[in-house]
>>> print(open('work-v1.txt').read())   # compact mmCIF, C-alpha atoms
# COMPACT_ATOMS: atom_id res chain seq x y z
CA MET L 1 -102.60 20.33 11.36
CA VAL L 2 -99.08 21.69 11.28
CA ALA L 3 -98.61 24.12 8.40
CA LYS L 4 -95.42 24.16 6.38
CA SER L 5 -92.90 26.55 7.90
CA SER L 6 -91.65 29.42 5.76
CA VAL L 7 -89.93 32.73 6.22
CA ALA L 8 -93.11 34.63 5.43
CA SER L 9 -95.24 32.68 7.93
CA CYS L 10 -92.63 33.02 10.67
CA LEU L 11 -92.38 36.77 10.24
CA THR L 12 -96.16 37.07 10.11
CA VAL L 13 -96.43 35.21 13.41
CA LEU L 14 -93.86 37.47 14.99
CA LEU L 15 -95.35 40.76 13.79
CA LEU L 16 -99.04 39.98 14.22
CA PHE L 17 -99.44 37.39 16.96
CA LEU L 18 -96.34 37.61 19.12
CA PRO L 19 -97.85 39.84 21.85
CA ALA L 20 -100.62 37.29 22.43
CA PHE L 21 -98.23 34.36 22.88
CA VAL L 22 -95.70 35.71 25.36
CA CYS L 23 -96.18 34.79 29.00
CA SER L 24 -94.71 37.86 30.66
CA GLN L 25 -93.68 41.42 29.80
CA SER L 26 -90.13 41.64 31.22
CA SER L 27 -87.71 43.10 28.62
CA GLY L 28 -84.63 41.06 27.75
CA GLN L 29 -85.83 37.89 29.49
CA LYS L 30 -86.68 34.57 27.88
CA HIS L 31 -90.36 34.08 27.16
CA THR L 32 -92.35 31.19 25.80
CA LEU L 33 -93.20 31.68 22.12
CA ILE L 34 -95.65 29.27 20.49
CA ILE L 35 -95.26 28.83 16.73
CA ASN L 36 -97.64 26.48 14.93
CA GLY L 37 -98.45 24.83 18.25
CA GLN L 38 -94.82 24.26 19.27
CA SER L 39 -93.27 25.99 22.28
CA THR L 40 -89.86 27.68 22.11
CA GLU L 41 -87.99 29.96 24.49
CA VAL L 42 -86.50 33.12 23.02
CA PRO L 43 -85.26 36.47 24.45
CA LEU L 44 -87.77 39.23 23.87
CA ILE L 45 -87.70 43.00 24.25
CA HIS L 46 -90.67 45.33 24.46
CA VAL L 47 -90.78 48.71 22.75
CA ASN L 48 -93.85 50.93 22.94
CA GLY L 49 -96.00 48.01 23.99
CA HIS L 50 -94.83 45.72 21.17
CA ALA L 51 -92.74 42.56 21.56
CA TYR L 52 -89.71 41.92 19.33
CA VAL L 53 -87.28 39.05 18.85
CA GLY L 54 -83.96 39.00 16.94
CA LEU L 55 -83.56 37.07 13.71
CA GLU L 56 -80.74 34.95 15.17
CA ALA L 57 -82.90 33.95 18.13
CA LEU L 58 -85.76 33.13 15.75
CA ALA L 59 -83.49 31.01 13.54
CA ASN L 60 -82.21 29.09 16.58
CA ALA L 61 -85.73 28.57 17.91
CA LEU L 62 -86.86 27.15 14.57
CA LYS L 63 -83.66 25.10 14.13
CA GLY L 64 -82.94 27.07 10.99
CA SER L 65 -80.04 29.12 9.67
CA LEU L 66 -79.36 32.80 9.03
CA SER L 67 -77.06 33.97 6.23
CA SER L 68 -76.16 37.45 5.07
CA SER L 69 -74.22 39.14 2.30
CA GLY L 70 -74.25 42.89 1.87
CA LYS L 71 -77.85 44.07 2.17
CA MET L 72 -79.28 40.57 1.67
CA ILE L 73 -80.33 38.41 4.63
CA ALA L 74 -81.62 34.86 4.11
CA LEU L 75 -83.53 33.04 6.85
CA SER L 76 -83.93 29.32 6.14
CA VAL L 77 -86.09 27.09 8.32
CA PRO L 78 -86.82 23.35 8.09
CA THR L 79 -90.15 22.26 6.65
CA GLY L 80 -90.94 20.05 9.62
CA SER L 81 -89.63 18.75 12.94
CA ALA L 82 -89.59 15.66 15.10
CA ASN L 83 -92.48 17.04 17.13
CA SER L 84 -94.68 17.73 14.12
CA THR L 85 -98.03 16.08 13.65
CA PRO L 86 -97.68 12.88 11.58
CA ALA L 87 -98.18 13.34 7.85
CA THR L 88 -101.11 10.92 7.82
CA THR L 89 -103.08 13.21 10.15
CA ALA L 90 -102.40 16.24 7.98
CA THR L 91 -103.32 14.34 4.83
CA THR L 92 -106.83 13.57 6.05
CA LEU L 93 -107.51 17.31 6.24
CA LEU L 94 -106.42 18.05 2.67
CA PRO L 95 -108.38 17.72 -0.59
CA ALA L 96 -107.68 14.48 -2.41
CA SER L 97 -105.90 16.33 -5.24
CA ALA L 98 -103.62 18.38 -2.95
CA GLU L 99 -99.99 17.51 -2.27
CA THR L 100 -99.11 16.52 1.27
CA PRO L 101 -96.38 18.50 3.11
CA ALA L 102 -94.05 15.50 2.81
CA GLN L 103 -94.56 15.34 -0.97
CA THR L 104 -93.97 19.10 -1.35
CA ALA L 105 -90.78 18.97 0.72
CA SER L 106 -89.49 16.03 -1.30
CA ALA L 107 -90.20 17.76 -4.61
CA ASN L 108 -88.67 21.05 -3.47
CA PRO L 109 -85.99 20.32 -0.82
CA ALA L 110 -84.02 23.07 0.90
CA PHE L 111 -80.44 24.06 0.12
CA SER L 112 -77.77 22.96 2.54
CA ARG L 113 -76.53 25.73 4.83
CA GLU L 114 -72.99 25.60 3.40
CA PHE L 115 -74.15 25.91 -0.21
CA LEU L 116 -76.59 28.70 0.62
CA ASN L 117 -73.80 30.74 2.22
CA ALA L 118 -71.46 30.11 -0.73
CA GLY L 119 -74.21 30.91 -3.23
CA ILE L 120 -75.07 34.23 -1.58
CA GLU L 121 -71.40 35.20 -1.60
CA GLN L 122 -71.14 34.39 -5.31
CA MET L 123 -74.29 36.36 -6.11
CA SER L 124 -72.86 39.36 -4.26
CA THR L 125 -69.62 39.21 -6.27
CA LEU L 126 -71.48 38.87 -9.58
CA ARG L 127 -73.61 41.86 -8.66
CA GLU L 128 -70.47 43.93 -7.92
CA TRP L 129 -68.94 42.82 -11.23
CA HIS L 130 -72.06 43.87 -13.12
CA THR L 131 -72.18 47.22 -11.29
CA ALA L 132 -68.55 47.94 -12.19
CA LEU L 133 -69.21 47.22 -15.88
CA GLN L 134 -72.43 49.24 -15.89
CA THR L 135 -70.86 52.23 -14.13
CA ALA L 136 -67.94 52.31 -16.57
CA ILE L 137 -70.25 52.23 -19.60
CA GLN L 138 -72.67 54.83 -18.27
CA ASN L 139 -69.89 57.26 -17.35
CA GLY L 140 -67.64 56.73 -20.35
CA ILE L 141 -64.83 55.20 -18.29
CA PRO L 142 -62.39 53.30 -20.55
CA LEU L 143 -62.93 49.58 -20.12
CA SER L 144 -59.89 47.39 -19.55
CA ASP L 145 -58.98 43.95 -18.24
CA GLY L 146 -57.43 45.62 -15.23
CA LEU L 147 -60.75 47.20 -14.28
CA LEU L 148 -62.87 44.03 -14.43
CA ALA L 149 -60.34 41.24 -13.83
CA PRO L 150 -60.48 41.40 -9.99
CA TYR L 151 -64.25 40.77 -10.05
CA ARG L 152 -63.90 37.87 -12.47
CA THR L 153 -61.11 36.34 -10.38
CA GLN L 154 -63.16 36.55 -7.18
CA ALA L 155 -66.26 35.19 -8.92
CA THR L 156 -64.22 32.25 -10.24
CA THR L 157 -63.03 31.48 -6.70
CA ASN L 158 -66.52 31.79 -5.23
CA LEU L 159 -67.98 29.54 -7.92
CA HIS L 160 -65.43 26.87 -7.04
CA LEU L 161 -66.34 27.17 -3.34
CA ALA L 162 -70.02 26.81 -4.22
CA SER L 163 -69.19 23.68 -6.21
CA VAL L 164 -67.38 22.17 -3.23
CA ALA L 165 -70.27 23.07 -0.91
CA ALA L 166 -72.90 21.48 -3.20
CA THR L 167 -73.76 18.16 -1.54
CA THR L 168 -77.48 17.69 -2.24
CA THR L 169 -79.55 17.46 -5.41
CA SER L 170 -80.92 20.97 -4.83
CA ASP L 171 -77.42 22.31 -4.22
CA ARG L 172 -76.16 20.85 -7.48
CA SER L 173 -79.15 22.23 -9.39
CA GLY L 174 -78.55 25.64 -7.83
CA TYR L 175 -74.87 25.45 -8.74
CA GLN L 176 -75.74 24.93 -12.41
CA LEU L 177 -77.66 28.22 -12.39
CA LEU L 178 -74.85 30.03 -10.59
CA SER L 179 -72.43 28.69 -13.19
CA ALA L 180 -74.68 29.83 -16.04
CA GLU L 181 -74.92 33.32 -14.52
CA PHE L 182 -71.12 33.46 -14.21
CA GLN L 183 -70.64 32.39 -17.83
CA ASN L 184 -73.11 35.01 -19.07
CA MET L 185 -71.45 37.74 -17.02
CA ALA L 186 -68.09 36.74 -18.47
CA LYS L 187 -69.53 36.90 -22.01
CA LEU L 188 -71.03 40.33 -21.35
CA SER L 189 -67.71 41.67 -20.07
CA GLU L 190 -65.77 40.23 -23.01
CA LYS L 191 -68.26 41.72 -25.44
CA TYR L 192 -67.72 45.28 -24.24
CA LEU L 193 -63.99 44.85 -23.69
CA ASN L 194 -63.71 43.79 -27.34
CA LEU L 195 -65.79 46.77 -28.46
CA ARG L 196 -63.49 49.06 -26.54
CA ALA L 197 -60.38 47.38 -27.97
CA SER L 198 -61.69 47.91 -31.51
CA LEU L 199 -62.43 51.57 -30.70
CA THR L 200 -66.15 51.00 -31.33
CA TYR L 201 -68.40 53.62 -29.77
CA ILE L 202 -70.30 52.35 -26.71
CA ALA L 203 -73.40 54.37 -25.87
CA PRO L 204 -73.99 55.17 -22.18
CA ASP L 205 -77.31 53.28 -22.30
CA ALA L 206 -75.93 50.31 -24.26
CA LEU L 207 -76.77 47.79 -21.54
CA GLN L 208 -80.43 48.78 -21.42
CA ASN L 209 -81.11 47.22 -24.81
CA ASP L 210 -78.65 44.35 -24.48
CA GLU L 211 -80.52 41.03 -24.44
CA LEU L 212 -77.69 39.23 -22.64
CA ASN L 213 -77.70 41.89 -19.95
CA LYS L 214 -81.47 41.48 -19.53
CA ARG L 215 -81.01 37.72 -19.08
CA ILE L 216 -78.34 38.31 -16.43
CA ILE L 217 -80.60 40.66 -14.50
CA ALA L 218 -83.58 38.30 -14.70
CA CYS L 219 -81.43 35.38 -13.53
CA GLY L 220 -80.08 37.46 -10.68
CA HIS L 221 -83.61 38.17 -9.48
CA SER L 222 -84.46 34.48 -9.71
CA LEU L 223 -81.36 33.45 -7.75
CA GLY L 224 -82.12 36.08 -5.13
CA ALA L 225 -85.63 34.73 -4.67
CA MET L 226 -84.28 31.19 -4.28
CA ALA L 227 -81.75 32.35 -1.68
CA ALA L 228 -84.47 34.14 0.29
CA ALA L 229 -86.66 31.02 0.23
CA GLY L 230 -83.73 28.69 0.87
CA GLN L 231 -85.06 26.31 -1.78
CA PHE L 232 -84.37 25.50 -5.42
CA SER L 233 -87.06 26.66 -7.85
CA ASP L 234 -86.00 27.12 -11.47
CA ASP L 235 -88.17 29.56 -13.44
CA GLY L 236 -86.08 29.23 -16.61
CA SER L 237 -84.64 32.76 -16.52
CA CYS L 238 -81.06 31.50 -16.04
CA HIS L 239 -81.06 29.34 -19.21
>>> encode(input="work-v1.txt", output="structure tokens")
Amino acid sequence: MVAKSSVASCLTVLLLFLPAFVCSQSSGQKHTLIINGQSTEVPLIHVNGHAYVGLEALANALKGSLSSSGKMIALSVPTGSANSTPATTATTLLPASAETPAQTASANPAFSREFLNAGIEQMSTLREWHTALQTAIQNGIPLSDGLLAPYRTQATTNLHLASVAATTTSDRSGYQLLSAEFQNMAKLSEKYLNLRASLTYIAPDALQNDELNKRIIACGHSLGAMAAAGQFSDDGSCH
């Protein structure tokens, strides 16, 4: 039975079982790597008796994609391939109440590569916007449109690019959450800009007890988890 591919399973195979699957020990040369019963050829290096492979080589071997933004790296791999064991064979080995791999993939399809890249870029900009607001409040820096406007402008542009890149049902669902996070970040900024304009005192820890800020942070974590998995999975934190 061919198990459903995922980032976690791929990395586990690499870290735990890779030395047993390689056919030779020559550094920098292509070796045969067997993942879930399928053979691939990837360049390997050996350090202190351990075999390693780069993420780009792994993504290519698995016919997946690698995206990065800042300190975040997302490895997305397909849930099956043309050489996989037919679904009917896998189904006979599952309990009657369990979902088949095909059913799971259909219910939770992956993001398109273009939307995933655009989404990660938007998340990075929203995070920078939030950090700028938080830093100003914590350090008593006067808030102004000039301070936060560049982040809002860039986030608006990135949201539009994500909209254009959304071509699948999962992409469009993910876009709705990105849009909601943008709107909430805009509301949070306007709230504190208005407080500053009215000369209302803003405590350094004001954001810690702000319910809207808590929602933004929770949604950001949810979006980050979706980007890492490469699949849409709404936990309700962005609504």
>>> closest_residue(input="work-v1.txt", among="L:Gln122, L:Asn213, L:Thr153, L:Gln138", to="Leu177 (chain L)", atoms="only C-alpha atoms")
L:Gln122
>>> atom_distance(input="work-v1.txt", atom1="CA of Glu121 (chain L)", atom2="CA of Glu56 (chain L)")
19.2 Å
>>> residues_around(input="work-v1.txt", residues="Gln208 (chain L)", least_positions_apart="6", cutoff="12 Å", atoms="all atoms listed in the file", output="list of chain:residue names")
L:Gln134, L:Ile137, L:Gln138, L:Ile202, L:Lys214, L:Arg215, L:Ile216, L:Ile217
>>> closest_residue(input="work-v1.txt", among="L:Ala59, L:Ala136, L:Val53, L:Leu116", to="Arg196 (chain L)", atoms="all atoms listed in the file")
L:Ala136
>>> atom_distance(input="work-v1.txt", atom1="CA of Asp234 (chain L)", atom2="CA of Thr157 (chain L)")
23.9 Å
>>> build_atoms(input="work-v1.txt", residues="region 127-147 of chain L", atoms="N, CA and C atoms", output="PDB file, keeping the file's coordinate frame")
ATOM      1  N   ARG L 127     -72.911  40.576  -8.653  1.00  0.00           N
ATOM      2  CA  ARG L 127     -73.610  41.860  -8.660  1.00  0.00           C
ATOM      3  C   ARG L 127     -72.596  43.023  -8.687  1.00  0.00           C
ATOM      4  N   GLU L 128     -71.507  42.898  -7.921  1.00  0.00           N
ATOM      5  CA  GLU L 128     -70.470  43.930  -7.920  1.00  0.00           C
ATOM      6  C   GLU L 128     -69.778  44.017  -9.282  1.00  0.00           C
ATOM      7  N   TRP L 129     -69.556  42.873  -9.890  1.00  0.00           N
ATOM      8  CA  TRP L 129     -68.940  42.820 -11.230  1.00  0.00           C
ATOM      9  C   TRP L 129     -69.832  43.536 -12.235  1.00  0.00           C
ATOM     10  N   HIS L 130     -71.102  43.246 -12.199  1.00  0.00           N
ATOM     11  CA  HIS L 130     -72.060  43.870 -13.120  1.00  0.00           C
ATOM     12  C   HIS L 130     -72.131  45.376 -12.875  1.00  0.00           C
ATOM     13  N   THR L 131     -72.120  45.792 -11.621  1.00  0.00           N
ATOM     14  CA  THR L 131     -72.180  47.220 -11.290  1.00  0.00           C
ATOM     15  C   THR L 131     -70.941  47.952 -11.814  1.00  0.00           C
ATOM     16  N   ALA L 132     -69.780  47.320 -11.697  1.00  0.00           N
ATOM     17  CA  ALA L 132     -68.550  47.940 -12.190  1.00  0.00           C
ATOM     18  C   ALA L 132     -68.610  48.143 -13.698  1.00  0.00           C
ATOM     19  N   LEU L 133     -69.085  47.124 -14.426  1.00  0.00           N
ATOM     20  CA  LEU L 133     -69.210  47.220 -15.880  1.00  0.00           C
ATOM     21  C   LEU L 133     -70.223  48.296 -16.259  1.00  0.00           C
ATOM     22  N   GLN L 134     -71.364  48.286 -15.591  1.00  0.00           N
ATOM     23  CA  GLN L 134     -72.430  49.240 -15.890  1.00  0.00           C
ATOM     24  C   GLN L 134     -71.986  50.673 -15.619  1.00  0.00           C
ATOM     25  N   THR L 135     -71.318  50.893 -14.493  1.00  0.00           N
ATOM     26  CA  THR L 135     -70.860  52.230 -14.130  1.00  0.00           C
ATOM     27  C   THR L 135     -69.859  52.763 -15.145  1.00  0.00           C
ATOM     28  N   ALA L 136     -68.946  51.897 -15.592  1.00  0.00           N
ATOM     29  CA  ALA L 136     -67.940  52.310 -16.570  1.00  0.00           C
ATOM     30  C   ALA L 136     -68.597  52.717 -17.888  1.00  0.00           C
ATOM     31  N   ILE L 137     -69.575  51.928 -18.330  1.00  0.00           N
ATOM     32  CA  ILE L 137     -70.250  52.230 -19.600  1.00  0.00           C
ATOM     33  C   ILE L 137     -71.061  53.511 -19.497  1.00  0.00           C
ATOM     34  N   GLN L 138     -71.805  53.664 -18.428  1.00  0.00           N
ATOM     35  CA  GLN L 138     -72.670  54.830 -18.270  1.00  0.00           C
ATOM     36  C   GLN L 138     -71.878  56.136 -18.150  1.00  0.00           C
ATOM     37  N   ASN L 139     -70.680  56.060 -17.586  1.00  0.00           N
ATOM     38  CA  ASN L 139     -69.890  57.260 -17.350  1.00  0.00           C
ATOM     39  C   ASN L 139     -68.729  57.441 -18.320  1.00  0.00           C
ATOM     40  N   GLY L 140     -68.683  56.594 -19.347  1.00  0.00           N
ATOM     41  CA  GLY L 140     -67.640  56.730 -20.350  1.00  0.00           C
ATOM     42  C   GLY L 140     -66.248  56.417 -19.861  1.00  0.00           C
ATOM     43  N   ILE L 141     -66.142  55.590 -18.820  1.00  0.00           N
ATOM     44  CA  ILE L 141     -64.830  55.200 -18.290  1.00  0.00           C
ATOM     45  C   ILE L 141     -64.243  54.127 -19.202  1.00  0.00           C
ATOM     46  N   PRO L 142     -63.007  54.300 -19.658  1.00  0.00           N
ATOM     47  CA  PRO L 142     -62.390  53.300 -20.550  1.00  0.00           C
ATOM     48  C   PRO L 142     -62.375  51.917 -19.920  1.00  0.00           C
ATOM     49  N   LEU L 143     -62.911  50.944 -20.617  1.00  0.00           N
ATOM     50  CA  LEU L 143     -62.930  49.580 -20.120  1.00  0.00           C
ATOM     51  C   LEU L 143     -61.585  48.910 -20.364  1.00  0.00           C
ATOM     52  N   SER L 144     -61.155  48.107 -19.405  1.00  0.00           N
ATOM     53  CA  SER L 144     -59.890  47.390 -19.550  1.00  0.00           C
ATOM     54  C   SER L 144     -59.944  46.118 -18.713  1.00  0.00           C
ATOM     55  N   ASP L 145     -59.058  45.185 -19.029  1.00  0.00           N
ATOM     56  CA  ASP L 145     -58.980  43.950 -18.240  1.00  0.00           C
ATOM     57  C   ASP L 145     -58.653  44.260 -16.789  1.00  0.00           C
ATOM     58  N   GLY L 146     -57.811  45.264 -16.583  1.00  0.00           N
ATOM     59  CA  GLY L 146     -57.430  45.620 -15.230  1.00  0.00           C
ATOM     60  C   GLY L 146     -58.593  46.093 -14.380  1.00  0.00           C
ATOM     61  N   LEU L 147     -59.587  46.685 -15.010  1.00  0.00           N
ATOM     62  CA  LEU L 147     -60.750  47.200 -14.280  1.00  0.00           C
ATOM     63  C   LEU L 147     -61.674  46.079 -13.832  1.00  0.00           C
TER      64      LEU L 147
END
